Amino acid sequence: SNPLWRATFDVIDFMPLVTVDYSGGMIITDWYTDSNTIDDSLKFTIRFLSNEIRGDSIRIIIHKKTCKAQTNNCIVRKINSNKLEDAIRTDIIKKAALLDAQSKKKKN
């Protein structure tokens with residue numbers, strides 16, 4: 001029923017999930033590779049710091065895994081892409097606000 005949680009699942013629905021801990025306030029995805037970048041995968045960790053629909057209510061950590069196909073050698077690193085984190089956060093907050101408004105409209 002929490003709009004932030006529902007919105008997050010809607011926004012990252014294309015990614016496989018590894019851990020979903022509602023009481024701990026965390027979602028961890030599995031590695032995701034799209035068809036355009038076969039050597040790179042992304043993994044998201046999303047922490048819910050508050051139930052309020054605000055940008056500072058969620059923290060997004062993104063890891064990138066780059067593998068060389070011939071050697072099976074992979075490098076994993078945390079990426080500091082404020083642009084990507086902000087885009088995901090903005091999508092989640094917009095969707096959560098919409099879900100919250102729809103929920104309040106149904107109650108009235």
# chains A, B, ... in the order shown; residues from 1 in each chain; ligands from 1
>>> residues_around(residues="stretch 82-84 of chain A", least_positions_apart="3", cutoff="12 Å", atoms="only C-alpha atoms", output="NGL selection string")
:A and (42 or 44 or 59-63 or 78-79 or 87-91)
>>> write_last_selection(atoms="N, CA, C and O atoms", output="tab-separated table (two decimals), in the first residue's frame")
chain	number	residue	atom	x	y	z
A	42	LEU	N	24.06	-3.79	-14.88
A	42	LEU	CA	23.80	-2.89	-13.77
A	42	LEU	C	23.04	-3.60	-12.67
A	42	LEU	O	22.25	-4.51	-12.93
A	44	PHE	N	20.96	-2.46	-8.97
A	44	PHE	CA	20.49	-1.35	-8.14
A	44	PHE	C	20.27	-1.82	-6.71
A	44	PHE	O	19.75	-2.91	-6.48
A	59	ARG	N	17.35	6.31	-1.36
A	59	ARG	CA	18.76	6.37	-1.74
A	59	ARG	C	18.99	5.26	-2.76
A	59	ARG	O	18.61	4.11	-2.53
A	60	ILE	N	19.60	5.60	-3.87
A	60	ILE	CA	19.84	4.65	-4.93
A	60	ILE	C	21.35	4.47	-5.11
A	60	ILE	O	22.08	5.45	-5.27
A	61	ILE	N	21.78	3.22	-5.06
A	61	ILE	CA	23.18	2.89	-5.29
A	61	ILE	C	23.22	1.99	-6.52
A	61	ILE	O	22.46	1.02	-6.62
A	62	ILE	N	24.09	2.32	-7.46
A	62	ILE	CA	24.17	1.57	-8.71
A	62	ILE	C	25.57	0.99	-8.85
A	62	ILE	O	26.57	1.71	-8.70
A	63	HIS	N	25.61	-0.31	-9.12
A	63	HIS	CA	26.88	-0.97	-9.41
A	63	HIS	C	26.89	-1.38	-10.87
A	63	HIS	O	25.85	-1.76	-11.42
A	78	LYS	N	31.15	0.57	-8.10
A	78	LYS	CA	30.03	1.47	-7.84
A	78	LYS	C	30.16	2.64	-8.79
A	78	LYS	O	31.24	3.20	-8.93
A	79	ILE	N	29.06	2.95	-9.47
A	79	ILE	CA	29.14	4.10	-10.37
A	79	ILE	C	28.50	5.31	-9.71
A	79	ILE	O	27.51	5.19	-9.00
A	87	ALA	N	17.48	10.30	-12.53
A	87	ALA	CA	16.41	9.90	-13.46
A	87	ALA	C	15.53	8.82	-12.83
A	87	ALA	O	14.30	8.89	-12.90
A	88	ILE	N	16.16	7.84	-12.20
A	88	ILE	CA	15.40	6.78	-11.55
A	88	ILE	C	14.60	7.34	-10.38
A	88	ILE	O	13.41	7.06	-10.23
A	89	ARG	N	15.25	8.15	-9.55
A	89	ARG	CA	14.57	8.75	-8.40
A	89	ARG	C	13.39	9.61	-8.85
A	89	ARG	O	12.29	9.52	-8.30
A	90	THR	N	13.58	10.42	-9.89
A	90	THR	CA	12.51	11.28	-10.40
A	90	THR	C	11.34	10.44	-10.90
A	90	THR	O	10.18	10.75	-10.61
A	91	ASP	N	11.63	9.37	-11.64
A	91	ASP	CA	10.56	8.49	-12.13
A	91	ASP	C	9.78	7.87	-10.97
A	91	ASP	O	8.55	7.79	-11.00
>>> residues_around(residues="stretch 26-39 of chain A", least_positions_apart="3", cutoff="8 Å", atoms="only C-alpha atoms", output="PyMOL selection string")
chain A and resi 15-22+42-48+66-69
>>> atom_distance(atom1="atom CA of A:Gly55", atom2="atom CA of A:Lys104")
20.5 Å
>>> atom_distance(atom1="atom CA of A:Thr8", atom2="atom CA of A:Val76")
23.9 Å
